[in-house]
Structures are given as C-alpha cells and as structure tokens.
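Undergrad: I am sharing protein_31.cif, which consists of mmCIF, C-alpha atoms and all ligand atoms:
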```cif
data_upload
loop_
_atom_site.label_atom_id
_atom_site.label_comp_id
_atom_site.auth_asym_id
_atom_site.auth_seq_id
_atom_site.Cartn_x
_atom_site.Cartn_y
_atom_site.Cartn_z
CA MET K 1 10.04 -7.52 4.81
CA CYS K 2 12.95 -5.18 5.58
CA PRO K 3 12.05 -3.46 8.86
CA GLY K 4 13.90 -0.74 10.72
CA SER K 5 13.99 2.76 12.10
CA PHE K 6 15.95 4.23 9.18
CA ASP K 7 16.66 7.51 10.97
CA PRO K 8 18.11 8.15 8.44
CA VAL K 9 18.71 5.49 5.77
CA THR K 10 22.42 4.77 5.14
CA VAL K 11 24.19 3.28 2.12
CA GLY K 12 24.39 0.03 4.15
CA HIS K 13 20.60 -0.12 4.51
CA ALA K 14 20.12 0.66 0.82
CA ASP K 15 22.54 -2.14 -0.12
CA VAL K 16 20.64 -4.73 1.95
CA ILE K 17 17.25 -3.61 0.57
CA ALA K 18 18.52 -3.68 -3.03
CA ARG K 19 19.99 -7.16 -2.49
CA ALA K 20 16.71 -8.38 -0.93
CA SER K 21 14.90 -7.03 -4.00
CA ARG K 22 17.02 -9.29 -6.22
CA ILE K 23 16.20 -12.37 -4.11
CA TYR K 24 12.47 -11.82 -3.54
CA ASP K 25 9.71 -10.81 -5.98
CA GLU K 26 8.30 -8.20 -3.68
CA VAL K 27 9.92 -6.30 -0.81
CA VAL K 28 8.28 -4.06 1.76
CA VAL K 29 10.48 -1.69 3.71
CA ALA K 30 8.62 -1.08 6.97
CA ILE K 31 9.53 2.01 8.91
CA LEU K 32 8.49 1.05 12.40
CA HIS K 33 8.16 4.41 13.98
CA ASN K 34 8.00 4.71 17.74
CA PRO K 35 6.23 8.00 18.54
CA ALA K 36 7.61 7.83 22.09
CA LYS K 37 11.12 8.19 20.64
CA THR K 38 12.06 11.56 19.18
CA GLY K 39 13.92 10.73 16.03
CA THR K 40 15.85 13.15 13.87
CA PHE K 41 13.57 12.74 10.84
CA THR K 42 9.81 12.29 10.79
CA ALA K 43 8.46 8.99 9.50
CA ASP K 44 7.36 10.66 6.24
CA GLN K 45 10.80 12.17 5.70
CA ARG K 46 12.46 8.80 6.35
CA ARG K 47 10.20 7.29 3.73
CA GLU K 48 11.11 9.97 1.18
CA LEU K 49 14.82 9.52 1.87
CA ILE K 50 14.62 5.72 1.47
CA LEU K 51 12.80 6.03 -1.86
CA ASP K 52 15.37 8.55 -3.03
CA ALA K 53 18.27 6.31 -1.91
CA LEU K 54 16.87 3.27 -3.75
CA GLY K 55 16.42 5.14 -7.03
CA ALA K 56 14.04 4.49 -9.90
CA GLU K 57 15.61 1.18 -11.02
CA VAL K 58 14.45 -0.71 -7.91
CA THR K 59 10.84 -1.29 -8.86
CA ASN K 60 9.68 -4.16 -6.63
CA VAL K 61 10.16 -2.34 -3.32
CA ARG K 62 7.58 -0.27 -1.50
CA VAL K 63 8.09 1.69 1.67
CA GLU K 64 5.40 1.82 4.36
CA LEU K 65 5.05 3.41 7.78
CA PHE K 66 3.79 1.72 10.93
CA ALA K 67 3.45 3.05 14.47
CA ASN K 68 2.85 1.27 17.76
CA THR K 69 2.65 -2.19 16.29
CA LEU K 70 4.54 -5.44 16.40
CA LEU K 71 6.55 -6.46 13.37
CA VAL K 72 4.83 -9.86 13.38
CA ASP K 73 1.43 -8.14 13.08
CA VAL K 74 2.65 -5.98 10.19
CA CYS K 75 3.93 -9.12 8.45
CA ARG K 76 0.63 -10.92 9.03
CA GLU K 77 -1.33 -7.94 7.70
CA LEU K 78 0.83 -7.72 4.56
CA ASP K 79 1.20 -11.47 4.15
CA ALA K 80 5.00 -11.18 4.35
CA ASP K 81 6.71 -14.53 5.00
CA VAL K 82 10.30 -13.51 5.63
CA VAL K 83 12.11 -10.72 7.46
CA VAL K 84 15.45 -9.77 5.90
CA LYS K 85 18.13 -8.13 8.02
CA GLY K 86 21.73 -7.21 7.25
CA LEU K 87 24.44 -8.19 9.70
CA ARG K 88 27.57 -6.07 9.96
CA GLY K 89 29.17 -8.40 12.48
CA GLY K 90 28.86 -10.17 15.82
CA THR K 91 27.41 -7.17 17.61
CA ASP K 92 24.55 -6.98 15.12
CA PHE K 93 24.00 -10.71 15.48
CA ALA K 94 23.75 -10.39 19.27
CA TYR K 95 21.18 -7.60 18.82
CA GLU K 96 19.19 -9.29 16.06
CA LEU K 97 19.09 -12.91 17.26
CA PRO K 98 16.70 -12.38 20.22
CA MET K 99 14.35 -10.38 17.98
CA ALA K 100 14.44 -13.07 15.31
CA LEU K 101 13.75 -15.78 17.91
CA MET K 102 10.97 -13.73 19.52
CA ASN K 103 9.30 -13.14 16.14
CA ARG K 104 9.49 -16.87 15.40
CA HIS K 105 8.11 -17.64 18.87
CA LEU K 106 5.18 -15.25 18.36
CA THR K 107 3.94 -16.34 14.94
CA GLY K 108 6.56 -18.56 13.30
CA LEU K 109 7.87 -15.59 11.29
CA GLU K 110 11.34 -16.43 9.98
CA THR K 111 14.29 -14.05 9.63
CA VAL K 112 16.97 -14.33 6.95
CA PHE K 113 20.29 -12.60 7.60
CA LEU K 114 22.35 -11.18 4.76
CA PRO K 115 26.02 -10.53 5.41
CA GLY K 116 26.60 -6.80 5.29
CA ASP K 117 28.98 -5.58 2.60
CA PRO K 118 32.34 -5.06 4.38
CA ARG K 119 32.61 -1.64 2.72
CA PHE K 120 29.71 -0.51 4.90
CA GLU K 121 30.63 -2.31 8.13
CA HIS K 122 31.37 0.88 10.08
CA ILE K 123 28.20 2.71 9.01
CA SER K 124 25.16 3.15 11.24
CA SER K 125 22.51 5.86 11.39
CA SER K 126 23.56 6.84 14.91
CA LEU K 127 27.27 7.11 14.09
CA VAL K 128 26.51 9.09 10.93
CA LYS K 129 24.48 11.54 13.02
CA GLU K 130 27.21 11.82 15.63
CA VAL K 131 29.92 12.45 13.04
CA ALA K 132 27.74 15.07 11.33
CA ARG K 133 26.89 16.76 14.63
CA PHE K 134 30.57 17.33 15.39
CA GLY K 135 31.48 18.56 11.93
CA GLY K 136 32.84 15.36 10.33
CA ASP K 137 32.36 14.57 6.66
CA ILE K 138 29.57 12.04 6.10
CA THR K 139 29.80 12.06 2.30
CA GLY K 140 29.51 8.52 0.93
CA LEU K 141 28.02 7.12 4.15
CA VAL K 142 24.55 8.31 3.16
CA THR K 143 23.14 9.77 -0.04
CA ASP K 144 23.97 13.39 -0.80
CA ARG K 145 20.33 14.26 -0.12
CA VAL K 146 20.41 12.66 3.33
CA ARG K 147 23.73 14.41 4.04
CA ASP K 148 22.35 17.80 3.04
CA GLU K 149 19.09 17.36 4.96
CA LEU K 150 20.95 16.11 8.04
CA LEU K 151 23.36 19.04 7.96
CA ALA K 152 20.44 21.46 7.56
CA ARG K 153 18.75 19.92 10.60
CA ILE K 154 21.89 19.86 12.72
CA GLY K 155 22.58 23.49 11.75
CA GLY K 156 19.09 24.32 13.02
CA GLU K 157 19.74 22.45 16.27
CA ALA K 158 23.01 24.32 16.79
CA GLN K 159 21.22 27.66 16.52
CA ARG K 160 18.64 26.75 19.18
O1 LIG K 201 16.62 -0.19 12.75
P1 LIG K 201 16.33 -0.78 14.11
O2 LIG K 201 16.01 0.32 15.11
O3 LIG K 201 17.40 -1.70 14.59
O4 LIG K 201 14.99 -1.67 13.93
C1 LIG K 201 14.42 -2.33 15.01
C2 LIG K 201 12.97 -2.69 14.69
C3 LIG K 201 12.18 -1.41 14.43
C4 LIG K 201 12.92 -3.61 13.49
C5 LIG K 201 12.39 -3.44 15.94
O5 LIG K 201 12.54 -2.64 17.09
C6 LIG K 201 10.93 -3.83 15.75
O6 LIG K 201 10.64 -4.83 15.13
N1 LIG K 201 10.03 -2.99 16.30
C7 LIG K 201 8.59 -3.20 16.19
C8 LIG K 201 8.00 -3.65 17.52
C9 LIG K 201 8.25 -5.12 17.72
O7 LIG K 201 7.81 -5.97 16.98
N2 LIG K 201 9.00 -5.42 18.81
C10 LIG K 201 9.36 -6.78 19.15
C11 LIG K 201 10.58 -7.23 18.37
S1 LIG K 201 10.95 -8.90 18.73
#
```
Produce structure tokens that represent the structure in this file.
TA:
Amino acid sequence: MCPGSFDPVTVGHADVIARASRIYDEVVVAILHNPAKTGTFTADQRRELILDALGAEVTNVRVELFANTLLVDVCRELDADVVVKGLRGGTDFAYELPMALMNRHLTGLETVFLPGDPRFEHISSSLVKEVARFGGDITGLVTDRVRDELLARIGGEAQR
C-alpha cells in the first residue's frame, strides 16, 4: 500500500511507487482524499496523473481513491499487509513515524520506509506548487503533463 495525497504526484512519488512494485507482487496506490481540504487537483485528476506518471510498463500497480476513512481500514478492506513510504530525510521521518506507530497500534499494520532517491530530496508537491505559482520552472520535478496541467490551473487562478 502506497498511500498519500498526491496533489499532484511528483517524480519522487513515482520513484517510490515503481520501487515498491519491484519488491511486492501487487501495489495499491491509495489517494486518501480529504473533502474538507481544498486541493489543487480533484481526486480523479490525481489518479489520472499518477497512472500517467507510472507509464504502461508498471503493470502490478493500481490506483484507488478513498475519502473520509482511516488508512488501516483501507488496508483491511484490500487485505494489504504493508504500507510503503519514501523518506527524504529526518523531517519526513519525524512526520511519518507517529503515523506508522499509530497504524501499528490500531491494527498491527506495519510500515516499511524506503530511502528516497537523493536526486529527488528537495521535491514535494507543495514546493512544486509554490515554485509554479511564482513563475519558477518545475520541469523535471513532475511529469510534463503534471507541469502543463498545473500551469493551466495556476493561470486560471491568476485571472480570478
Ligand atoms: O501525502 P501525505 O499527505 O503525506 O499522506 C498522508 C496520508 C494521506 C497517508 C495520511 O494523512 C493518512 O493516512 N490519512 C488517512 C486517515 C488516517 O488514517 N489518519 C490516521 C493516520 S495515523
């Protein structure tokens, strides 16, 4: 199970998902959408962008949407044994550890951390959006499709 918000998917996310797909027979990417939070992309768009970023050669990954539910319940429903998360560094670890411990407390669900590829250490969805919003070049941080869709959205925001 590779859970997240993916608003939008970055090359760092795609790397962790692709690596998980080489370790495990079957991988579910769960977009855990919080309807109370206004994201930049809708859950369906996030799904499309993840599938596009993974490409046709990754065949054992499926992408599913969940709203208003605990990750442990999604894992129970799908019979997923392990959560896989990428860690860019100590800050990620500090953010992820309480969630991993809480998930284990709730149902015994284990989390496996993969070291993030250092090439992608500086990349996060929120920083990508901030750079794009102020006119910076986000090429290579996300797929070209994500870049173009993000710029189209931000252009729309600027006109409002
Ligand atoms: O990409 P993100 O935003 O860091 O992902 C966080 C996410 C969505 C995996 C986390 O907030 C989550 O698991 N949400 C579902 C609700 C839940 O189970 N909350 C308790 C976590 S211990």
Undergrad: Quick one: everything within 8 Å of K:Ala53, counting all atoms listed in the file, minus sequence neighbours fewer than 3 positions away in the same chain. Send it as a short mmCIF file (atom, residue, chain, number, x, y, z; two decimals) with C-alpha atoms, in the frame of the given file.
TA:
```
data_model
loop_
_atom_site.label_atom_id
_atom_site.label_comp_id
_atom_site.auth_asym_id
_atom_site.auth_seq_id
_atom_site.Cartn_x
_atom_site.Cartn_y
_atom_site.Cartn_z
CA VAL K 9 18.71 5.49 5.77
CA VAL K 11 24.19 3.28 2.12
CA ALA K 14 20.12 0.66 0.82
CA LEU K 49 14.82 9.52 1.87
CA ILE K 50 14.62 5.72 1.47
CA THR K 143 23.14 9.77 -0.04
#
```
Undergrad: Write as a ChimeraX atom specification the residues around ligand LIG 201 (chain K), taking 6 Å as the cut-off and counting only C-alpha atoms and all ligand atoms.
TA: /K:3-6,32,69-71,99,102-103
Undergrad: For K:Arg133, which residue out of K:Phe66, K:Gly116, K:Val82, K:Ile154 is the nearest one, using only C-alpha atoms?
TA: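 For K:Arg133, the nearest of the candidates is K:Ile154.
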Undergrad: With distances taken over only C-alpha atoms, which of K:Arg19, K:Thr10, K:Gly108, K:Met1 is nearest to K:Thr139?
TA: K:Thr10
Undergrad: Atom CA of K:Pro98 and atom CA of K:Phe41, how far apart in Å?
TA: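 Between atom CA of K:Phe41 and atom CA of K:Pro98 the gap is 27.0 Å.
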Undergrad: Show me, as a PyMOL selection string, the residues that have an atom within 12 Å of K:Cys2 when counting only C-alpha atoms, minus same-chain residues fewer than 5 positions from it.
TA: chain K and resi 13-21+24+26-32+50+61-65+71+74-75+80-86+111-114
Undergrad: Between atom CA of K:Asp79 and atom CA of K:Ser125, what is the distance in Å, rounded to a tenth?
TA: 28.4 Å
Undergrad: Which is closer to K:Val131 than all the others in K:Thr59, K:Arg145, K:Leu150, K:Thr107, using all atoms listed in the file?
TA: K:Leu150
Undergrad: Just give me the gap between atom CA of K:Ala152 and atom CA of K:Ile123 in Å, one decimal is fine.
TA: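 Pair atom CA of K:Ala152 / atom CA of K:Ile123 returns 20.3 Å.
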Undergrad: Which residue gives the smallest distance to K:Val72 among K:Val146, K:Ala56, K:Ala132, K:Ala100, with all atoms listed in the file counted?
TA: K:Ala100
Undergrad: Using all atoms listed in the file, pick whichever of K:Val142, K:Leu109, K:Leu101, K:Leu54 has the shortest atom-to-atom distance to K:Pro8.
TA: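 Closest to K:Pro8 of all the choices is K:Val142.
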Undergrad: Can you work out which one of K:Asn60, K:Gln45, K:Thr91, K:Thr38 has the shortest atom-to-atom distance to K:His122, counting only C-alpha atoms?
TA: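 Once distances to K:His122 are computed over only C-alpha atoms, the minimum belongs to K:Thr91.
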Undergrad: Listed atoms of stretch 130-148 of chain K, axis-aligned box, 5 Å per side: centre and edge lengths to one decimal in Å, as AutoDock Vina command-line options?
TA:
```
--center_x 26.6 --center_y 12.8 --center_z 7.4 --size_x 22.5 --size_y 21.4 --size_z 26.4
```
